[in-house]
Amino acid sequence: MEKKSWIFLIVVVVLVALVIIFWDGFIVEKNQVVEYDYCETVDDCVYVINIGSCCNCPMPINRDVAGLEENYVVYVEGEDYSLYEKEEDCNRVNCEVGCASLGVLGCVDNKCVLLGGVN
C-alpha cells in the first residue's frame, strides 16, 4: 500500500473509534421534546398565563415548557398582567368566559391538571 492509503486508512479508523467512544454526545435525546402538559410529579407543573392574549386565565403547564414559550409567564396571584403588550386590540374583544378558580395543581396520568372548582 502507498503511504497516502495508509494515512487515509488510519484517519478513517481513528474517526470510527472517536464516533464509537463519543456516540452518546452525537445522539439527540429521543425524549427531549416535552408535551406542554407532561409531568411525572406535581413539581413538574406550574400555573402560567399567556401575556399576549386579551382573555387569559392561569393554566397548568409543564415547568420546562413554560420557560420556552415567549408569551407564557409563571402566574403570580395579584400581579397586573394587563400592562403587557397584547397580540390583538383588546378593545374589540369581549372576555365573557370566567376563569376556573385556582385550585391545587396535580399530576394525573402524566398530565398537569387543575384539581378544584370553577368560579
# chains A, B, ... in the order shown; residues from 1 in each chain; ligands from 1

$ residues_around --residues "segment 75-83 of chain A" --least-positions-apart "5" --cutoff "8 Å" --atoms "only C-alpha atoms" --output "ChimeraX atom specification"
/A:46-49,51,54,58

$ write_last_selection --atoms "C-alpha atoms" --output "PDB file, in the first residue's frame"
ATOM      1  CA  VAL A  46     -46.788  25.427  37.273  1.00  0.00           C
ATOM      2  CA  TYR A  47     -49.566  27.877  36.540  1.00  0.00           C
ATOM      3  CA  VAL A  48     -48.818  30.126  33.573  1.00  0.00           C
ATOM      4  CA  ILE A  49     -50.625  32.956  31.903  1.00  0.00           C
ATOM      5  CA  ILE A  51     -49.495  37.618  28.488  1.00  0.00           C
ATOM      6  CA  CYS A  54     -56.582  39.704  25.990  1.00  0.00           C
ATOM      7  CA  PRO A  58     -53.977  30.776  34.518  1.00  0.00           C
TER       8      PRO A  58
END

$ select_by_dssp --residues "chain A" --states "alpha helix (DSSP H)" --output "list in words"
Lys3, Lys4, Ser5, Trp6, Ile7, Phe8, Leu9, Ile10, Val11, Val12, Val13, Val14, Leu15, Val16, Ala17, Leu18, Val19, Ile20, Ile21, Trp23, Asp24, Gly25, Phe26, Arg63, Asp64, Val65, Ala66, Gly67 and Leu68 of chain A

$ write_last_selection --atoms "N, CA and C atoms" --output "compact mmCIF listing (two decimals), in the first residue's frame"
# COMPACT_ATOMS: atom_id res chain seq x y z
N LYS A 3 1.81 5.18 0.88
CA LYS A 3 1.79 5.94 2.14
C LYS A 3 0.47 6.70 2.31
N LYS A 4 -0.07 7.27 1.21
CA LYS A 4 -1.34 8.01 1.27
C LYS A 4 -2.48 7.07 1.67
N SER A 5 -2.48 5.87 1.17
CA SER A 5 -3.53 4.91 1.50
C SER A 5 -3.48 4.56 2.98
N TRP A 6 -2.26 4.35 3.53
CA TRP A 6 -2.11 4.05 4.95
C TRP A 6 -2.60 5.22 5.80
N ILE A 7 -2.26 6.42 5.44
CA ILE A 7 -2.70 7.60 6.20
C ILE A 7 -4.22 7.71 6.17
N PHE A 8 -4.80 7.52 4.99
CA PHE A 8 -6.25 7.58 4.85
C PHE A 8 -6.91 6.51 5.72
N LEU A 9 -6.38 5.29 5.68
CA LEU A 9 -6.93 4.20 6.47
C LEU A 9 -6.83 4.50 7.97
N ILE A 10 -5.72 5.03 8.41
CA ILE A 10 -5.54 5.38 9.82
C ILE A 10 -6.51 6.48 10.24
N VAL A 11 -6.69 7.47 9.40
CA VAL A 11 -7.64 8.56 9.70
C VAL A 11 -9.05 8.01 9.82
N VAL A 12 -9.45 7.13 8.91
CA VAL A 12 -10.79 6.54 8.96
C VAL A 12 -10.96 5.72 10.24
N VAL A 13 -9.98 4.92 10.59
CA VAL A 13 -10.05 4.10 11.79
C VAL A 13 -10.14 4.99 13.04
N VAL A 14 -9.36 6.06 13.09
CA VAL A 14 -9.42 6.98 14.23
C VAL A 14 -10.79 7.64 14.32
N LEU A 15 -11.32 8.08 13.20
CA LEU A 15 -12.65 8.70 13.20
C LEU A 15 -13.73 7.72 13.66
N VAL A 16 -13.67 6.51 13.18
CA VAL A 16 -14.65 5.49 13.61
C VAL A 16 -14.52 5.25 15.12
N ALA A 17 -13.29 5.16 15.59
CA ALA A 17 -13.07 4.95 17.03
C ALA A 17 -13.62 6.11 17.84
N LEU A 18 -13.41 7.35 17.39
CA LEU A 18 -13.92 8.52 18.10
C LEU A 18 -15.45 8.53 18.12
N VAL A 19 -16.07 8.18 17.01
CA VAL A 19 -17.53 8.13 16.95
C VAL A 19 -18.05 7.08 17.93
N ILE A 20 -17.40 5.93 17.98
CA ILE A 20 -17.84 4.88 18.90
C ILE A 20 -17.66 5.33 20.35
N ILE A 21 -16.55 5.95 20.66
CA ILE A 21 -16.26 6.38 22.03
C ILE A 21 -17.23 7.48 22.48
N TRP A 23 -20.25 8.30 21.13
CA TRP A 23 -21.55 8.11 20.47
C TRP A 23 -22.67 8.85 21.19
N ASP A 24 -22.72 8.80 22.51
CA ASP A 24 -23.78 9.47 23.26
C ASP A 24 -23.80 10.97 23.02
N GLY A 25 -22.66 11.57 22.77
CA GLY A 25 -22.60 13.00 22.51
C GLY A 25 -23.15 13.40 21.16
N PHE A 26 -23.20 12.44 20.24
CA PHE A 26 -23.69 12.73 18.89
C PHE A 26 -25.20 12.50 18.77
N ARG A 63 -43.36 22.85 33.67
CA ARG A 63 -42.44 23.92 34.09
C ARG A 63 -41.39 24.22 33.01
N ASP A 64 -40.84 23.19 32.38
CA ASP A 64 -39.81 23.40 31.36
C ASP A 64 -40.39 24.05 30.11
N VAL A 65 -41.58 23.66 29.73
CA VAL A 65 -42.23 24.26 28.55
C VAL A 65 -42.56 25.72 28.83
N ALA A 66 -42.97 26.02 30.04
CA ALA A 66 -43.30 27.40 30.40
C ALA A 66 -42.12 28.32 30.17
N GLY A 67 -40.93 27.85 30.42
CA GLY A 67 -39.74 28.66 30.22
C GLY A 67 -39.36 28.84 28.76
N LEU A 68 -39.91 28.01 27.89
CA LEU A 68 -39.59 28.08 26.46
C LEU A 68 -40.56 28.96 25.68

$ atom_distance --atom1 "atom CA of Cys107 of chain A" --atom2 "atom CA of Gly52 of chain A"
26.3 Å

$ atom_distance --atom1 "atom CA of Glu85 of chain A" --atom2 "atom CA of Glu70 of chain A"
12.2 Å

$ atom_distance --atom1 "atom CA of Cys112 of chain A" --atom2 "atom CA of Glu87 of chain A"
26.0 Å

$ closest_residue --among "A:Glu35, A:Glu69, A:Glu2, A:Asp44" --to "Leu105 of chain A" --atoms "only C-alpha atoms"
A:Asp44

$ select_by_dssp --residues "chain A" --states "strand (DSSP E)" --output "list in words"
Cys45, Val46, Tyr47, Val48, Ile49, Asn50, Met59, Pro60, Ile61, Asn62, Tyr72, Val73, Val74, Val104, Leu105, Gly106, Cys107, Val108, Lys111, Cys112, Val113, Leu114 and Leu115 of chain A

$ closest_residue --among "A:Gly98, A:Asp43, A:Lys86, A:Val73" --to "Cys57 of chain A" --atoms "only C-alpha atoms"
A:Gly98
